[in-house]
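So the structure is just underneath, and the comments pick up after that.
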Amino acid sequence: MTLGMINAHPVVHAKKERVARSEDLHSDDALDALDVFDILPPVASSICFLLDLSTELLEFDSVRDIKDPEHPYSLEQLSVLSEESIAVDEKLGRIKITFTPTVKHCSMATVIGLCLRVKLIQSFPPHFKVDINVSPGSLADEEAVNKLLNDKERVCAALENPSLRQLVDECLYSNELYSL
Amino acid sequence: MEKPNSWIAHVEAFVDSARATNQQVALSSLFAASVDAIAVLVHKDLLTLEGLVIEMEQYLTTSDHVIRARGILLLAEVLSHLLEKPLDSRTVSSLVEFFTSKLEDWQALHGALIGCLALLKRTKKFGMVESNDAKSLAESFLRNVQVQSLAVRDRKLCFEVIQRLLDVYPQAVVELGDDLVYGICEAIDEEKDPRCLMLTFSLVGTLGRLFPDPSGPLGNFSSDVFDILSRYFPIYFTHPKGDGLDITRDDLSKALMDAFSSSPLFEPFVIPLLLEKLSSSLPSAKLDSLKYLNSCMPHYGADKVVKHSQVIWSNLKDVIFNLSPHRSSLSTYGSDGDMDSELMHVILIFVSILSYAVKGLQVLATFPEIYSPVSEATYEDILVMLMSIITRRNKETYLWELSLKALVQIGLWIENAHDSAKAISYNKLVIQRIVSMLQPNDSTISLSLKLVAISEISSIDLYLLTIVQAFEEAIVSNLRACFEGNLKSSGVLVPLLQCYSNQVLPRCHTCGNFNDIAVQVAVSIWNQIEYVAVFRSAILMKDVLDQVMMTMKHLVAGCTEENQFLILQKACSSLPKTFLIAESLPCALSQLEGFQCIQDTTLMSCRDEWVFSLFGSVVIALRPQTPLVNVKILLNLFVVLLLKGNMPAAQALASMVNKWPADVNKSEVSYSLDQAIEEILKSCLWTSESSSNFIDRDSCFQKYVVLGLAWIGKGLLMRGHEKLKEIAMLLLKCLVAGKNVDITLFQQHENGSKDVGQDASSHLATFAADAFHVLLSDSEDCLNKKFHATIRPLYKQRFFSSMLPILLSSIKESDPSSKTVVLYRAFGHVISDTPLAAVVGEAKKIVPTLADALAMLSLDILNKDMIYSLLLVVSGILMDDNGKAIVLENVHTIISLLIKLISYPHLMIVRETAIQCLVAISALPYARIYPYRPQVFRAVSTALDDRKRVVRQEAVRCRQAWSGWIP
């Protein structure tokens, strides 16, 4: 039995124009927020399942079987992530991400955060420190989630949990955008 | 002083007869006479104004309003006769005070208004009204006078008073602020008399100038003011002509237009109104709207109009497309051209604000003649306008390009429509102007823009010839200047020639008379060279020479055989006579020996270099059927030049060999290709019997010989001649020789003997390796389809399959301790220049050596380009199904090689491609590649920190691909 989605009718926002980078062939390219943002969409489209499909579906262990997301929007369109919510300081080696769950009681916030963290660890040089937070006021148990997401040991522990690890991997690799 | 009685009679006559005026208008001349008489008395100082006022006191203050009005009127009339009578400020002041107070007296208002006006009209010279008096007058006026309820005569006076106040005492009345504007609004509301309207319109105009501040009084009332004015637009005026008013519709329209455009504050209201009326079906309304737009847009300023641009433009478009060629309906509203000239001007103004109106001009200009809505003059205006954009507004790229496009379209249209009248004006205004830009003293716009403009315009066949001629003149004069040492000309000449040979010449093919043009230009270039015996500048001007050569090749290549022969003859006659002594090759060779010894000291002069290079270019571009004269001498000449290091000569030789007639008997050429090649080889390597001798030669000479051989080999290879083998073997010999000598010299070096030879021999090997690149790569300069080369299909593949085993075996044979870099280099050239399909077919043999080659070559920064092309071969093999299997066999070597290349520091694109190859490898069977996962992850994570964004992104992709989660 399929129950309704947590957020059956999400507010869809327009995609923003990207800031154009100056193209200089001979200089070094500094890491910027857009870099981070560009890395995330593949993750993002997977997370969309989690966001928009209810936990009941997860309990039925049928996420894998869902080929059509009911809301084929990217995280940007759902305004979960935006370019402004990403701050990169290359000199200090820090990446700070603030995301906004679509509903106040989103039970998936921790999984989204975890996915983002794993993706960033894999996609950026190891000397970057990654901070992930939900945006203030967007979640009921905001503080607890923030604490959880930025606690190294708990992240490690979570990733050692096979079912959680599977969920994250699924998120990161299940619908690859390229096929070679 | 005059006795009172004498003038009091006049006063009484004026005042008393007031009762009679109602019945007897004829008396008015009498009153005028009384006023005149009194005025004359005052003027002659026979009577003072004080005296007059005192005597008249009873008339001025009496409670009988008829007499009072007459009295005041008399005084006012007298004053208006005394505008040039000096009065002291006290008198003026008291008079103003008097009349100001009389404004309250509605029965005597007429006189009071005349008096006020008379006083306000006084100039400084004769004593004028003080500013504060004027202010109190204005206040009293606004408070007491109900303009709307007055008769026409008095309304007119009122407006004149206000106008005068605004004009002369702006400071004083501006202080009244809102009251003033509101009062004026009230006064002008519902006005209908044309004479008064003229005044009210101008009043509003003055207001607009007095109160520019959007938050000021006019800002507050602008919508009210506009509300009042908008009712008059478009002016509907039916007064018959003979009514004596002397005001026409045009006057009113003009006045209203001035009012509309007086202040940008009206913009939010005016533009929508005008646009609404623009779509009206009434032609006069349309015309007026256009006129008003015309006048308003410049006054409001670009930033205000831009807001409306879209709407304005769409309305204008409607007007343009609905323009009627039959203008009978318009004829009552002025001359035929009115509408379109107004339209033109609107668009012109619009163009200055917005670029897309250019399109409108184009539309107007391309109407067929009989339907054309625009007159001849307007048409020319359009062209002039567009041209002025081309010449002056080159900073605004978009506008500029649009205008150019519009001009081209107009030209193309003329061509299609065969419209001779328009063609004449187009030629005069556009073509001549554009062509004149090529003249050296023209500095309107930058050269590159000029060339863009000209090459675009040259797409109109009708004018191609004119443009081509202009080009020819410019080329010749610049060339001459170059020879005379003018470096600035060389900067002009290069882009000029580029444009000429790439853009303009190809168009001549379609237009039909290419041959004549080409022969003429080629001959005049040769003439210039003949004309200048010695170049004044010692610099070679390599870039100019290259470009002239390329142009020459294009010129020759496009001609028919006969015309090519003409050019060739001209070129031959320009060669220095000493080089054309009819001698057989062996004789020349003996000269060569001598020549070799002195080659370092006697370099060719600048001019010789030019002459021979150009001559080579002519030969390169000849068609195979074009007859050559003195073939032997030509061969001889080119060989000599080749040995001197003249590249075009080598290429010309290659072209000759390539196009050599197959059937000797049928042609005039006396001997066969085989003979010729043998001769060439002999003369190039006359020392080759003892190859050590050749190796001992200095490296520069070796370079020329090897390069020349490579070109000749290419010529042979392309036609599939078996003599190629000989050359290929020679090159291989050089490769191997270089390697062998390497070892011997290495030993010699240990013994402390000469190391000059070592350099030379390793250089020789490198030249030989690079010769393979010449053999297999496509060249822009010669031996291609454009220059009529004989090309056998699949010649590269053939060469590849015959050379590959030899190369592979010599690599295998070569001593592993020795440097086989040159062999790998040759191998690399062969692999990367051959079409990928052929290479992939041989993947099994190639892959191991390819990996070795990459590893070996990556040690030297000079090989970075080759590394890239070899990597492309690798990725090509990875894309192929068979290739994948072969890669899988060597997966260990390949992966470790790619991992090394991920951190290749010299070329970003190598790093990127290496990562892409790794991504491709991740698709190979999982079990085989799984062991390499940790290795790849480590390598990729260092790439995550790459300097370049592209590489970082590829690294992320690669990581993603390799960590592919398999369900």
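Residues in the structure tokens are named by chain (A, B, ... in the order shown) and by number from 1 within that chain; ligands are numbered from 1 in the order shown.
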Which polymer residues have any atom within 7 Å of an atom of stretch 29-31 of chain A, counting only C-alpha atoms, with same-chain residues fewer than 3 positions away left out, as a list in words?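 In the requested form, the answer reads Asp35 and Glu90 of chain A; Arg947, Lys948 and Arg949 of chain B.
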If you count only C-alpha atoms, which residues fall within 12 Å of B:Ala481, apart from same-chain ones fewer than 3 positions away, as a PDB file with C-alpha atoms, in the first residue's frame?
ATOM      1  CA  PRO B 440      45.453  54.550 -46.345  1.00  0.00           C
ATOM      2  CA  ALA B 474      45.011  48.796 -51.490  1.00  0.00           C
ATOM      3  CA  ILE B 475      47.085  45.626 -51.663  1.00  0.00           C
ATOM      4  CA  VAL B 476      49.416  47.011 -54.290  1.00  0.00           C
ATOM      5  CA  SER B 477      49.964  50.322 -52.570  1.00  0.00           C
ATOM      6  CA  ASN B 478      50.551  48.692 -49.196  1.00  0.00           C
ATOM      7  CA  GLU B 484      60.025  50.662 -49.047  1.00  0.00           C
ATOM      8  CA  GLY B 485      60.375  49.879 -45.407  1.00  0.00           C
ATOM      9  CA  ASN B 486      57.084  51.151 -44.048  1.00  0.00           C
ATOM     10  CA  LEU B 487      56.390  48.805 -41.163  1.00  0.00           C
ATOM     11  CA  LYS B 488      52.953  50.252 -40.556  1.00  0.00           C
ATOM     12  CA  SER B 489      51.856  49.070 -43.955  1.00  0.00           C
ATOM     13  CA  SER B 490      52.879  45.552 -43.142  1.00  0.00           C
ATOM     14  CA  GLY B 491      50.499  45.650 -40.203  1.00  0.00           C
ATOM     15  CA  VAL B 492      47.728  46.673 -42.583  1.00  0.00           C
ATOM     16  CA  LEU B 493      48.676  44.294 -45.339  1.00  0.00           C
ATOM     17  CA  GLN B 528      55.652  45.575 -57.567  1.00  0.00           C
ATOM     18  CA  ILE B 529      58.463  43.171 -56.838  1.00  0.00           C
ATOM     19  CA  VAL B 532      61.620  47.511 -56.336  1.00  0.00           C
ATOM     20  CA  PHE B 535      64.147  46.272 -50.344  1.00  0.00           C
ATOM     21  CA  ARG B 536      64.698  49.234 -48.181  1.00  0.00           C
ATOM     22  CA  SER B 537      63.898  47.336 -45.051  1.00  0.00           C
TER      23      SER B 537
END
Taking only C-alpha atoms into account, which residues of chain B are within 10 Å of chain A, as an NGL selection string? :B and (879 or 908 or 919-924 or 937 or 940-950 or 952-953 or 955-961 or 963-967)
Go through stretch 131-170 of chain A and collect every residue that DSSP, computed from the backbone, puts in strand (DSSP E or B); the answer should be as number ranges by chain. A: 131-134
Export C-alpha atoms of the chosen residues as a PDB file, in the first residue's frame?
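Output file part.pdb is given in full below:
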ATOM      1  CA  ASP A 131      30.273  22.054   7.615  1.00  0.00           C
ATOM      2  CA  ILE A 132      26.689  21.103   6.891  1.00  0.00           C
ATOM      3  CA  ASN A 133      23.759  22.751   8.600  1.00  0.00           C
ATOM      4  CA  VAL A 134      20.069  23.072   8.032  1.00  0.00           C
TER       5      VAL A 134
END
Please report the interatomic distance between atom CA of B:Ser253 and atom CA of B:Ile235 in Å with one decimal.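 Separating atom CA of B:Ser253 from atom CA of B:Ile235 is a distance of 6.1 Å.
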Hey, what's within 8 Å of B:Leu120 if we count only C-alpha atoms and toss same-chain stuff fewer than 6 positions away? As a ChimeraX atom specification, please? /B:128-129,134,161,164-165
Hey, which of B:Trp313, B:Phe638, B:Tyr169, B:Phe159 ends up closest to B:Leu210? Count only C-alpha atoms.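 Ranked by minimum distance to B:Leu210, first place goes to B:Tyr169.
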From stretch 172-290 of chain B, collect each residue whose DSSP state is helix (DSSP H, G or I) and return the set as a PyMOL selection string. chain B and resi 172-174+178-188+194-210+217-230+241-243+249-260+264-278+283-290
